$ cat upload_17.cif   # mmCIF, C-alpha atoms
data_target
#
loop_
_atom_site.group_PDB
_atom_site.id
_atom_site.type_symbol
_atom_site.label_atom_id
_atom_site.label_comp_id
_atom_site.auth_asym_id
_atom_site.auth_seq_id
_atom_site.Cartn_x
_atom_site.Cartn_y
_atom_site.Cartn_z
ATOM 1 C CA MET B 12 0.000 0.000 0.000
ATOM 2 C CA ALA B 13 1.547 3.286 -1.117
ATOM 3 C CA ALA B 14 2.000 5.976 1.508
ATOM 4 C CA PRO B 15 -0.722 8.638 1.239
ATOM 5 C CA ARG B 16 0.078 12.191 0.189
ATOM 6 C CA HIS B 17 -0.737 14.777 2.840
ATOM 7 C CA PHE B 18 -1.227 18.550 2.648
ATOM 8 C CA LEU B 19 -0.033 19.830 6.024
ATOM 9 C CA GLN B 20 1.927 22.842 4.711
ATOM 10 C CA LEU B 21 1.843 24.563 1.342
ATOM 11 C CA LYS B 22 5.356 23.314 0.585
ATOM 12 C CA ASP B 23 4.158 19.697 0.844
ATOM 13 C CA LEU B 24 3.303 20.084 -2.850
ATOM 14 C CA SER B 25 5.833 21.136 -5.474
ATOM 15 C CA ARG B 26 5.412 24.145 -7.755
ATOM 16 C CA LEU B 27 4.444 21.824 -10.614
ATOM 17 C CA GLU B 28 1.883 20.031 -8.456
ATOM 18 C CA LEU B 29 0.381 23.317 -7.261
ATOM 19 C CA ASP B 30 0.180 24.584 -10.841
ATOM 20 C CA TYR B 31 -1.615 21.347 -11.724
ATOM 21 C CA VAL B 32 -4.073 21.854 -8.838
ATOM 22 C CA PHE B 33 -4.783 25.373 -10.148
ATOM 23 C CA ALA B 34 -5.405 24.019 -13.651
ATOM 24 C CA ARG B 35 -7.823 21.459 -12.230
ATOM 25 C CA THR B 36 -9.460 24.175 -10.130
ATOM 26 C CA ARG B 37 -10.265 26.149 -13.265
ATOM 27 C CA TRP B 38 -11.791 23.095 -14.975
ATOM 28 C CA ILE B 39 -13.737 21.959 -11.892
ATOM 29 C CA LYS B 40 -15.033 25.499 -11.301
ATOM 30 C CA ASP B 41 -16.230 25.625 -14.915
ATOM 31 C CA GLN B 42 -18.235 22.434 -14.341
ATOM 32 C CA PHE B 43 -19.785 23.964 -11.224
ATOM 33 C CA LYS B 44 -20.741 27.166 -13.049
ATOM 34 C CA SER B 45 -22.308 25.264 -15.952
ATOM 35 C CA TYR B 46 -24.222 22.869 -13.655
ATOM 36 C CA SER B 47 -22.353 19.912 -15.140
ATOM 37 C CA LYS B 48 -22.280 16.814 -12.953
ATOM 38 C CA TYR B 49 -18.742 15.737 -12.091
ATOM 39 C CA TRP B 50 -18.511 12.967 -9.493
ATOM 40 C CA PRO B 51 -14.936 11.604 -9.458
ATOM 41 C CA LEU B 52 -15.151 10.947 -5.693
ATOM 42 C CA GLU B 53 -18.416 8.992 -5.723
ATOM 43 C CA ASP B 54 -18.609 6.653 -2.708
ATOM 44 C CA ARG B 55 -15.597 8.377 -1.091
ATOM 45 C CA THR B 56 -15.911 9.777 2.437
ATOM 46 C CA LEU B 57 -14.298 12.880 3.890
ATOM 47 C CA VAL B 58 -14.054 13.176 7.674
ATOM 48 C CA MET B 59 -13.765 16.757 8.947
ATOM 49 C CA ILE B 60 -12.367 17.151 12.474
ATOM 50 C CA PHE B 61 -12.813 20.564 14.079
ATOM 51 C CA GLU B 62 -11.099 21.702 17.252
ATOM 52 C CA LYS B 63 -11.514 25.300 16.012
ATOM 53 C CA ALA B 64 -14.893 26.343 14.629
ATOM 54 C CA SER B 65 -15.208 27.841 11.142
ATOM 55 C CA THR B 66 -17.919 28.841 8.686
ATOM 56 C CA ARG B 67 -15.902 28.876 5.440
ATOM 57 C CA THR B 68 -13.775 25.806 6.150
ATOM 58 C CA ARG B 69 -16.702 23.552 7.018
ATOM 59 C CA LEU B 70 -18.956 24.806 4.240
ATOM 60 C CA SER B 71 -16.296 24.684 1.515
ATOM 61 C CA PHE B 72 -15.114 21.168 2.376
ATOM 62 C CA GLU B 73 -18.562 19.716 3.052
ATOM 63 C CA ALA B 74 -20.203 21.263 -0.018
ATOM 64 C CA GLY B 75 -17.126 20.481 -2.111
ATOM 65 C CA MET B 76 -17.125 16.796 -1.225
ATOM 66 C CA HIS B 77 -20.857 16.515 -2.008
ATOM 67 C CA GLN B 78 -20.329 18.295 -5.347
ATOM 68 C CA LEU B 79 -17.651 15.737 -6.238
ATOM 69 C CA GLY B 80 -20.096 12.904 -5.516
ATOM 70 C CA GLY B 81 -18.781 11.948 -2.094
ATOM 71 C CA ALA B 82 -19.962 12.277 1.490
ATOM 72 C CA ALA B 83 -18.631 14.440 4.331
ATOM 73 C CA ILE B 84 -18.850 13.698 8.035
ATOM 74 C CA TYR B 85 -18.419 16.478 10.601
ATOM 75 C CA LEU B 86 -16.713 15.678 13.897
ATOM 76 C CA ASN B 87 -16.216 18.231 16.638
ATOM 77 C CA THR B 88 -13.741 17.213 19.330
ATOM 78 C CA ARG B 89 -16.440 17.939 21.925
ATOM 79 C CA ASP B 90 -18.484 15.141 20.331
ATOM 80 C CA SER B 91 -15.704 12.575 19.899
ATOM 81 C CA GLN B 92 -13.184 10.653 21.956
ATOM 82 C CA LEU B 93 -10.468 13.029 20.741
ATOM 83 C CA GLY B 94 -11.944 15.603 23.090
ATOM 84 C CA ARG B 95 -11.892 13.106 25.943
ATOM 85 C CA GLY B 96 -8.212 12.327 25.865
ATOM 86 C CA GLU B 97 -7.918 9.583 23.220
ATOM 87 C CA PRO B 98 -4.376 9.691 21.819
ATOM 88 C CA VAL B 99 -4.183 11.403 18.440
ATOM 89 C CA GLU B 100 -2.315 8.380 17.095
ATOM 90 C CA ASP B 101 -5.144 5.996 18.057
ATOM 91 C CA ALA B 102 -7.809 8.260 16.598
ATOM 92 C CA ALA B 103 -5.868 8.451 13.318
ATOM 93 C CA GLN B 104 -5.648 4.680 13.058
ATOM 94 C CA VAL B 105 -9.414 4.264 13.511
ATOM 95 C CA ILE B 106 -10.695 7.244 11.523
ATOM 96 C CA SER B 107 -8.432 6.527 8.556
ATOM 97 C CA ARG B 108 -9.735 2.923 8.357
ATOM 98 C CA MET B 109 -13.307 4.208 8.027
ATOM 99 C CA SER B 110 -12.809 7.041 5.559
ATOM 100 C CA ASP B 111 -10.921 8.021 2.420
ATOM 101 C CA ILE B 112 -9.583 11.467 3.321
ATOM 102 C CA VAL B 113 -9.417 13.597 6.486
ATOM 103 C CA MET B 114 -9.402 17.359 7.037
ATOM 104 C CA ILE B 115 -8.354 18.677 10.448
ATOM 105 C CA ARG B 116 -8.692 22.207 11.839
ATOM 106 C CA THR B 117 -6.786 22.306 15.101
ATOM 107 C CA PHE B 118 -4.255 24.121 17.282
ATOM 108 C CA GLU B 119 -0.571 23.104 17.195
ATOM 109 C CA GLN B 120 0.894 21.863 13.914
ATOM 110 C CA SER B 121 2.338 18.912 15.841
ATOM 111 C CA ILE B 122 -1.197 17.544 16.357
ATOM 112 C CA ILE B 123 -1.910 17.240 12.645
ATOM 113 C CA GLU B 124 1.580 15.880 11.988
ATOM 114 C CA ARG B 125 1.050 13.135 14.581
ATOM 115 C CA PHE B 126 -2.326 12.311 13.050
ATOM 116 C CA ALA B 127 -0.903 12.155 9.518
ATOM 117 C CA ALA B 128 1.980 9.918 10.635
ATOM 118 C CA ASN B 129 -0.589 7.331 11.737
ATOM 119 C CA SER B 130 -3.153 7.771 8.951
ATOM 120 C CA ARG B 131 -3.718 5.357 6.067
ATOM 121 C CA VAL B 132 -5.396 8.128 4.016
ATOM 122 C CA PRO B 133 -4.501 11.694 2.973
ATOM 123 C CA VAL B 134 -4.735 14.376 5.664
ATOM 124 C CA ILE B 135 -5.403 18.041 4.869
ATOM 125 C CA ASN B 136 -4.573 20.968 7.134
ATOM 126 C CA GLY B 137 -7.761 23.044 7.457
ATOM 127 C CA LEU B 138 -5.863 25.458 9.749
ATOM 128 C CA THR B 139 -3.360 25.221 12.564
ATOM 129 C CA ASN B 140 -1.755 27.875 14.739
ATOM 130 C CA GLU B 141 1.223 27.876 12.383
ATOM 131 C CA TYR B 142 -0.219 27.487 8.857
ATOM 132 C CA HIS B 143 -3.353 27.888 6.735
ATOM 133 C CA PRO B 144 -2.369 26.340 3.369
ATOM 134 C CA CYS B 145 -5.908 25.921 1.988
ATOM 135 C CA GLN B 146 -6.515 29.645 2.378
ATOM 136 C CA ILE B 147 -3.407 30.582 0.422
ATOM 137 C CA LEU B 148 -4.294 28.058 -2.299
ATOM 138 C CA ALA B 149 -7.535 29.985 -2.776
ATOM 139 C CA ASP B 150 -5.836 33.385 -2.511
ATOM 140 C CA ILE B 151 -3.219 32.669 -5.157
ATOM 141 C CA TYR B 152 -5.784 31.116 -7.476
ATOM 142 C CA THR B 153 -7.957 34.205 -7.052
ATOM 143 C CA PHE B 154 -5.028 36.466 -7.953
ATOM 144 C CA ILE B 155 -4.348 34.356 -11.056
ATOM 145 C CA GLU B 156 -8.013 34.649 -12.083
ATOM 146 C CA HIS B 157 -7.953 38.443 -11.787
ATOM 147 C CA ARG B 158 -4.384 39.410 -12.709
ATOM 148 C CA GLY B 159 -2.568 36.395 -14.154
ATOM 149 C CA SER B 160 0.647 34.854 -12.844
ATOM 150 C CA ILE B 161 1.749 35.916 -9.367
ATOM 151 C CA GLU B 162 5.409 35.241 -10.163
ATOM 152 C CA GLY B 163 7.505 38.388 -9.716
ATOM 153 C CA LYS B 164 4.649 40.306 -8.099
ATOM 154 C CA THR B 165 4.595 41.970 -4.671
ATOM 155 C CA VAL B 166 2.171 41.062 -1.886
ATOM 156 C CA ALA B 167 1.824 43.443 1.069
ATOM 157 C CA TRP B 168 0.853 41.769 4.330
ATOM 158 C CA ILE B 169 -0.396 44.317 6.854
ATOM 159 C CA GLY B 170 -1.006 43.251 10.458
ATOM 160 C CA ASP B 171 -0.216 40.240 12.613
ATOM 161 C CA SER B 172 2.384 37.708 11.477
ATOM 162 C CA ASN B 173 -0.038 34.837 12.009
ATOM 163 C CA ASN B 174 -0.634 31.478 10.313
ATOM 164 C CA VAL B 175 -1.927 33.096 7.113
ATOM 165 C CA CYS B 176 1.112 35.378 6.936
ATOM 166 C CA ASN B 177 3.423 32.401 7.504
ATOM 167 C CA THR B 178 1.825 30.577 4.598
ATOM 168 C CA TRP B 179 2.117 33.606 2.291
ATOM 169 C CA LEU B 180 5.840 33.591 3.069
ATOM 170 C CA GLN B 181 6.113 29.918 2.125
ATOM 171 C CA ALA B 182 4.158 30.609 -1.061
ATOM 172 C CA ALA B 183 6.558 33.406 -2.028
ATOM 173 C CA GLU B 184 9.474 30.958 -2.006
ATOM 174 C CA ILE B 185 7.543 28.407 -4.078
ATOM 175 C CA PHE B 186 6.087 30.768 -6.692
ATOM 176 C CA GLY B 187 8.846 33.391 -6.858
ATOM 177 C CA PHE B 188 7.079 36.527 -5.683
ATOM 178 C CA ASN B 189 7.848 39.019 -2.902
ATOM 179 C CA VAL B 190 6.063 39.685 0.373
ATOM 180 C CA HIS B 191 6.300 43.015 2.175
ATOM 181 C CA VAL B 192 5.383 42.430 5.814
ATOM 182 C CA SER B 193 4.483 45.220 8.217
ATOM 183 C CA THR B 194 3.550 44.348 11.783
ATOM 184 C CA PRO B 195 3.475 46.374 15.000
ATOM 185 C CA PRO B 196 6.546 45.982 17.243
ATOM 186 C CA GLY B 197 6.425 42.661 19.057
ATOM 187 C CA TYR B 198 4.396 40.912 16.359
ATOM 188 C CA GLU B 199 7.163 40.374 13.793
ATOM 189 C CA VAL B 200 7.662 37.315 11.604
ATOM 190 C CA GLU B 201 9.365 34.353 13.261
ATOM 191 C CA PRO B 202 11.243 32.748 10.321
ATOM 192 C CA GLU B 203 11.612 29.358 12.004
ATOM 193 C CA ARG B 204 7.891 29.219 12.867
ATOM 194 C CA ALA B 205 7.053 30.248 9.320
ATOM 195 C CA GLY B 206 9.252 27.451 7.951
ATOM 196 C CA LEU B 207 11.363 29.795 5.835
ATOM 197 C CA TYR B 208 14.628 28.795 4.200
ATOM 198 C CA GLY B 209 15.866 32.358 3.636
ATOM 199 C CA THR B 210 14.883 36.007 3.337
ATOM 200 C CA ASP B 211 15.155 36.449 -0.439
ATOM 201 C CA ASN B 212 11.382 36.656 -0.928
ATOM 202 C CA TYR B 213 10.259 38.866 1.929
ATOM 203 C CA GLU B 214 11.095 42.186 3.534
ATOM 204 C CA GLU B 215 9.881 43.684 6.797
ATOM 205 C CA PHE B 216 8.698 47.289 7.109
ATOM 206 C CA ALA B 217 8.081 49.276 10.280
ATOM 207 C CA ASP B 218 5.737 51.592 8.346
ATOM 208 C CA PRO B 219 2.713 49.835 6.776
ATOM 209 C CA MET B 220 2.418 52.554 4.116
ATOM 210 C CA GLU B 221 5.949 51.743 2.952
ATOM 211 C CA ALA B 222 5.078 48.045 2.804
ATOM 212 C CA ALA B 223 2.052 48.775 0.611
ATOM 213 C CA LYS B 224 3.894 51.017 -1.859
ATOM 214 C CA GLY B 225 3.651 49.534 -5.354
ATOM 215 C CA ALA B 226 2.139 46.262 -4.099
ATOM 216 C CA ASP B 227 0.073 44.214 -6.547
ATOM 217 C CA LEU B 228 -1.950 42.636 -3.747
ATOM 218 C CA VAL B 229 -2.684 44.053 -0.299
ATOM 219 C CA THR B 230 -3.950 41.616 2.285
ATOM 220 C CA THR B 231 -4.608 41.430 5.998
ATOM 221 C CA ASP B 232 -6.409 39.443 8.688
ATOM 222 C CA VAL B 233 -8.161 40.108 11.964
ATOM 223 C CA TRP B 234 -6.041 41.729 14.659
ATOM 224 C CA THR B 235 -7.008 39.048 17.182
ATOM 225 C CA SER B 236 -6.817 35.499 15.840
ATOM 226 C CA MET B 237 -8.761 32.623 17.361
ATOM 227 C CA GLY B 238 -7.206 31.635 20.674
ATOM 228 C CA PHE B 239 -5.867 35.110 21.452
ATOM 229 C CA GLU B 240 -9.152 36.701 22.601
ATOM 230 C CA ALA B 241 -7.685 37.572 26.024
ATOM 231 C CA GLU B 242 -5.317 39.975 24.236
ATOM 232 C CA ASN B 243 -8.091 41.712 22.304
ATOM 233 C CA GLU B 244 -7.929 45.166 23.924
ATOM 234 C CA GLU B 245 -4.123 45.230 23.938
ATOM 235 C CA ARG B 246 -4.071 44.260 20.262
ATOM 236 C CA ARG B 247 -6.597 46.964 19.351
ATOM 237 C CA ARG B 248 -4.171 49.529 20.764
ATOM 238 C CA ASP B 249 -1.065 47.959 19.223
ATOM 239 C CA PHE B 250 -2.594 47.595 15.737
ATOM 240 C CA ALA B 251 -4.399 50.952 15.557
ATOM 241 C CA ASP B 252 -2.064 52.242 12.807
ATOM 242 C CA TRP B 253 -2.205 49.013 10.781
ATOM 243 C CA GLN B 254 -5.632 49.402 9.201
ATOM 244 C CA VAL B 255 -5.822 48.907 5.431
ATOM 245 C CA ASP B 256 -7.652 52.040 4.305
ATOM 246 C CA ALA B 257 -8.174 54.011 1.102
ATOM 247 C CA ASP B 258 -4.926 55.959 1.570
ATOM 248 C CA MET B 259 -2.963 52.718 1.806
ATOM 249 C CA MET B 260 -4.592 51.309 -1.320
ATOM 250 C CA LYS B 261 -3.714 54.538 -3.175
ATOM 251 C CA VAL B 262 0.031 53.949 -2.659
ATOM 252 C CA ALA B 263 -0.263 50.346 -3.912
ATOM 253 C CA ALA B 264 -0.125 49.583 -7.631
ATOM 254 C CA LYS B 265 -2.942 51.165 -9.639
ATOM 255 C CA ASP B 266 -4.514 47.765 -10.364
ATOM 256 C CA ALA B 267 -3.800 46.273 -6.919
ATOM 257 C CA VAL B 268 -6.402 43.944 -5.435
ATOM 258 C CA PHE B 269 -7.391 43.625 -1.777
ATOM 259 C CA MET B 270 -7.859 40.273 -0.035
ATOM 260 C CA HIS B 271 -8.973 39.165 3.417
ATOM 261 C CA CYS B 272 -9.509 35.555 4.498
ATOM 262 C CA LEU B 273 -12.621 36.563 6.526
ATOM 263 C CA PRO B 274 -14.376 37.044 8.836
ATOM 264 C CA ALA B 275 -13.525 40.756 8.746
ATOM 265 C CA HIS B 276 -14.052 43.593 11.201
ATOM 266 C CA ARG B 277 -14.770 46.771 9.271
ATOM 267 C CA GLY B 278 -13.223 49.746 11.016
ATOM 268 C CA GLU B 279 -10.464 47.611 12.578
ATOM 269 C CA GLU B 280 -8.025 45.822 10.270
ATOM 270 C CA VAL B 281 -9.756 47.127 7.135
ATOM 271 C CA ALA B 282 -11.864 50.166 6.287
ATOM 272 C CA ALA B 283 -15.355 49.488 4.973
ATOM 273 C CA ASP B 284 -14.711 51.428 1.759
ATOM 274 C CA VAL B 285 -11.785 49.097 0.976
ATOM 275 C CA ILE B 286 -13.345 45.696 1.652
ATOM 276 C CA ASP B 287 -16.580 46.790 -0.024
ATOM 277 C CA GLY B 288 -14.803 48.782 -2.738
ATOM 278 C CA PRO B 289 -13.912 48.041 -6.371
ATOM 279 C CA GLN B 290 -10.415 46.670 -5.615
ATOM 280 C CA SER B 291 -11.714 44.057 -3.193
ATOM 281 C CA VAL B 292 -11.908 40.462 -4.410
ATOM 282 C CA VAL B 293 -12.820 38.944 -1.048
ATOM 283 C CA TRP B 294 -16.033 37.266 -2.239
ATOM 284 C CA ASP B 295 -14.291 35.556 -5.161
ATOM 285 C CA GLU B 296 -11.531 34.624 -2.719
ATOM 286 C CA ALA B 297 -14.051 33.055 -0.327
ATOM 287 C CA GLU B 298 -15.796 31.118 -3.106
ATOM 288 C CA ASN B 299 -12.483 29.838 -4.425
ATOM 289 C CA ARG B 300 -11.882 27.992 -1.164
ATOM 290 C CA LEU B 301 -14.579 25.636 -2.483
ATOM 291 C CA HIS B 302 -13.032 25.086 -5.896
ATOM 292 C CA THR B 303 -9.345 24.866 -4.944
ATOM 293 C CA GLN B 304 -10.134 22.383 -2.178
ATOM 294 C CA LYS B 305 -12.130 20.220 -4.587
ATOM 295 C CA ALA B 306 -9.114 20.138 -6.892
ATOM 296 C CA LEU B 307 -6.841 19.397 -3.936
ATOM 297 C CA MET B 308 -8.966 16.468 -2.734
ATOM 298 C CA GLU B 309 -9.163 15.100 -6.272
ATOM 299 C CA PHE B 310 -5.370 15.270 -6.575
ATOM 300 C CA LEU B 311 -4.659 13.674 -3.186
ATOM 301 C CA LEU B 312 -7.067 10.807 -3.874
ATOM 302 C CA LEU B 313 -6.756 10.246 -7.621
ATOM 303 C CA GLY B 314 -3.420 11.762 -8.612
ATOM 304 C CA HIS B 315 -3.013 13.413 -12.013
ATOM 305 C CA ILE B 316 -5.956 13.533 -14.383
ATOM 306 C CA SER B 317 -5.515 14.843 -17.903
ATOM 307 C CA VAL B 318 -6.539 18.500 -17.990
ATOM 308 C CA GLU B 319 -9.191 19.088 -20.642
#
$ encode --input "upload_17.cif" --output "structure tokens"
Amino acid sequence: MAAPRHFLQLKDLSRLELDYVFARTRWIKDQFKSYSKYWPLEDRTLVMIFEKASTRTRLSFEAGMHQLGGAAIYLNTRDSQLGRGEPVEDAAQVISRMSDIVMIRTFEQSIIERFAANSRVPVINGLTNEYHPCQILADIYTFIEHRGSIEGKTVAWIGDSNNVCNTWLQAAEIFGFNVHVSTPPGYEVEPERAGLYGTDNYEEFADPMEAAKGADLVTTDVWTSMGFEAENEERRRDFADWQVDADMMKVAAKDAVFMHCLPAHRGEEVAADVIDGPQSVVWDEAENRLHTQKALMEFLLLGHISVE
């Protein structure tokens, strides 16, 4: 039995494999838009394990698996033995014998790595404290849809150096683009946590306006990520000057797009006239979670299919 392919970090797939997933995304999305039935995963079962709640992650994976002809089962750790102290390794052995593919949204990256090491089927990272690879799959595909290749472009990340930021930095190394990161003091990028090999593809800026200058894509996330709610008031003060507003978008490239992984807080990390404005592609970005993840599941389960 061949070892399953997992998607625990973006760099688990090569540039060629990611380009293939994007090509399949385009084809699969076309089928969806034309109401054409495409059921390559008929009789396959996806198990979704949530230690962290999410609207977009659950909906995109559950709807996506149904649209590919399969079934999706939702497990919350409060409703399973995982939440009652069952070893991750034991849970992986059992769950992977009863399903075809597993998506996990959890806390430490080590949890999903331990699960994958004991799984007989592919495991997908739906989010951990360190990485959010499915989000960046959708983000890069969305940029390609709107502006073409991201290679050689500049992405401005404004705000906290969180799991989404870490994954953008990995993506920059894979796809050959640059990331300008601007965070408040004390919230800087931790290269080892981000899994970076070098600094050739990113630069840090104390001034967020400088980071945004000439950027082709400006993106941000909430100031207080899940699990850091106790720091909410302190973060509001620390991040007050890191809002993406109209003035910041004006210093970016003329055709720059704005992205946000959602949910968003208008008036905090982003001004309403930006997220609801003409440069915002956040709704396409959200929808593309569905299509990129369908292509990802198809690839992990079926391998390469000739692109039509």
$ residues_around --input "upload_17.cif" --residues "Ile316 in chain B" --least-positions-apart "3" --cutoff "10 Å" --atoms "all atoms listed in the file" --output "number ranges by chain"
B: 31, 35, 309-310, 313, 319
$ atom_distance --input "upload_17.cif" --atom1 "CA of Gln146 in chain B" --atom2 "CA of Phe186 in chain B"
15.6 Å
$ closest_residue --input "upload_17.cif" --among "B:Cys176, B:Leu138, B:Ser107, B:Gly75" --to "Tyr49 in chain B" --atoms "all atoms listed in the file"
B:Gly75
$ closest_atom_pairs --input "upload_17.cif" --of "range 141-188 of chain B" --to "range 280-301 of chain B" --cutoff "7 Å" --atoms "all atoms listed in the file" --output "JSON lines"
{"residue": "B:Gln146", "atom": "CA", "partner": "B:Arg300", "partner_atom": "CA", "distance": 6.6}
{"residue": "B:Ala149", "atom": "CA", "partner": "B:Arg300", "partner_atom": "CA", "distance": 5.0}
{"residue": "B:Asp150", "atom": "CA", "partner": "B:Glu296", "partner_atom": "CA", "distance": 5.8}
{"residue": "B:Thr153", "atom": "CA", "partner": "B:Glu296", "partner_atom": "CA", "distance": 5.6}
$ closest_residue --input "upload_17.cif" --among "B:Ile169, B:Ile155, B:Met12, B:Ile60" --to "Phe33 in chain B" --atoms "only C-alpha atoms"
B:Ile155
$ closest_residue --input "upload_17.cif" --among "B:Asp101, B:Asp171, B:Glu279, B:Asp252" --to "Glu201 in chain B" --atoms "only C-alpha atoms"
B:Asp171
$ resolve_selection --input "upload_17.cif" --expression "the PyMOL selection byres ((chain B and resi 78-92) around 7)" --output "number ranges by chain"
B: 49-62, 73-77, 93-97
$ resolve_selection --input "upload_17.cif" --expression "the PyMOL selection byres ((chain B and resi 216) around 8)" --output "list in words"
His191, Val192, Ser193, Thr194, Glu214, Glu215, Ala217, Asp218, Pro219, Glu221 and Ala222 of chain B
$ residues_around --input "upload_17.cif" --residues "Ala267 in chain B" --least-positions-apart "6" --cutoff "8 Å" --atoms "all atoms listed in the file" --output "number ranges by chain"
B: 226-229, 260, 290
$ closest_residue --input "upload_17.cif" --among "B:Ala275, B:Leu148, B:Ile112, B:Ala167" --to "Val132 in chain B" --atoms "all atoms listed in the file"
B:Ile112
$ residues_around --input "upload_17.cif" --residues "Thr230 in chain B" --least-positions-apart "4" --cutoff "6 Å" --atoms "all atoms listed in the file" --output "PyMOL selection string"
chain B and resi 168+269-271
$ write_last_selection --input "upload_17.cif" --atoms "C-alpha atoms" --output "PDB file, keeping the file's coordinate frame"
ATOM      1  CA  TRP B 168       0.853  41.769   4.330  1.00  0.00           C
ATOM      2  CA  PHE B 269      -7.391  43.625  -1.777  1.00  0.00           C
ATOM      3  CA  MET B 270      -7.859  40.273  -0.035  1.00  0.00           C
ATOM      4  CA  HIS B 271      -8.973  39.165   3.417  1.00  0.00           C
TER       5      HIS B 271
END
$ atom_distance --input "upload_17.cif" --atom1 "CA of Cys145 in chain B" --atom2 "CA of Glu28 in chain B"
14.3 Å
$ decode --input "upload_17.cif" --residues "range 84-114 of chain B" --atoms "C-alpha atoms" --output "PDB file, in the first residue's frame"
ATOM      1  CA  ILE B  84     -18.850  13.698   8.035  1.00  0.00           C
ATOM      2  CA  TYR B  85     -18.419  16.478  10.601  1.00  0.00           C
ATOM      3  CA  LEU B  86     -16.713  15.678  13.897  1.00  0.00           C
ATOM      4  CA  ASN B  87     -16.216  18.231  16.638  1.00  0.00           C
ATOM      5  CA  THR B  88     -13.741  17.213  19.330  1.00  0.00           C
ATOM      6  CA  ARG B  89     -16.440  17.939  21.925  1.00  0.00           C
ATOM      7  CA  ASP B  90     -18.484  15.141  20.331  1.00  0.00           C
ATOM      8  CA  SER B  91     -15.704  12.575  19.899  1.00  0.00           C
ATOM      9  CA  GLN B  92     -13.184  10.653  21.956  1.00  0.00           C
ATOM     10  CA  LEU B  93     -10.468  13.029  20.741  1.00  0.00           C
ATOM     11  CA  GLY B  94     -11.944  15.603  23.090  1.00  0.00           C
ATOM     12  CA  ARG B  95     -11.892  13.106  25.943  1.00  0.00           C
ATOM     13  CA  GLY B  96      -8.212  12.327  25.865  1.00  0.00           C
ATOM     14  CA  GLU B  97      -7.918   9.583  23.220  1.00  0.00           C
ATOM     15  CA  PRO B  98      -4.376   9.691  21.819  1.00  0.00           C
ATOM     16  CA  VAL B  99      -4.183  11.403  18.440  1.00  0.00           C
ATOM     17  CA  GLU B 100      -2.315   8.380  17.095  1.00  0.00           C
ATOM     18  CA  ASP B 101      -5.144   5.996  18.057  1.00  0.00           C
ATOM     19  CA  ALA B 102      -7.809   8.260  16.598  1.00  0.00           C
ATOM     20  CA  ALA B 103      -5.868   8.451  13.318  1.00  0.00           C
ATOM     21  CA  GLN B 104      -5.648   4.680  13.058  1.00  0.00           C
ATOM     22  CA  VAL B 105      -9.414   4.264  13.511  1.00  0.00           C
ATOM     23  CA  ILE B 106     -10.695   7.244  11.523  1.00  0.00           C
ATOM     24  CA  SER B 107      -8.432   6.527   8.556  1.00  0.00           C
ATOM     25  CA  ARG B 108      -9.735   2.923   8.357  1.00  0.00           C
ATOM     26  CA  MET B 109     -13.307   4.208   8.027  1.00  0.00           C
ATOM     27  CA  SER B 110     -12.809   7.041   5.559  1.00  0.00           C
ATOM     28  CA  ASP B 111     -10.921   8.021   2.420  1.00  0.00           C
ATOM     29  CA  ILE B 112      -9.583  11.467   3.321  1.00  0.00           C
ATOM     30  CA  VAL B 113      -9.417  13.597   6.486  1.00  0.00           C
ATOM     31  CA  MET B 114      -9.402  17.359   7.037  1.00  0.00           C
TER      32      MET B 114
END
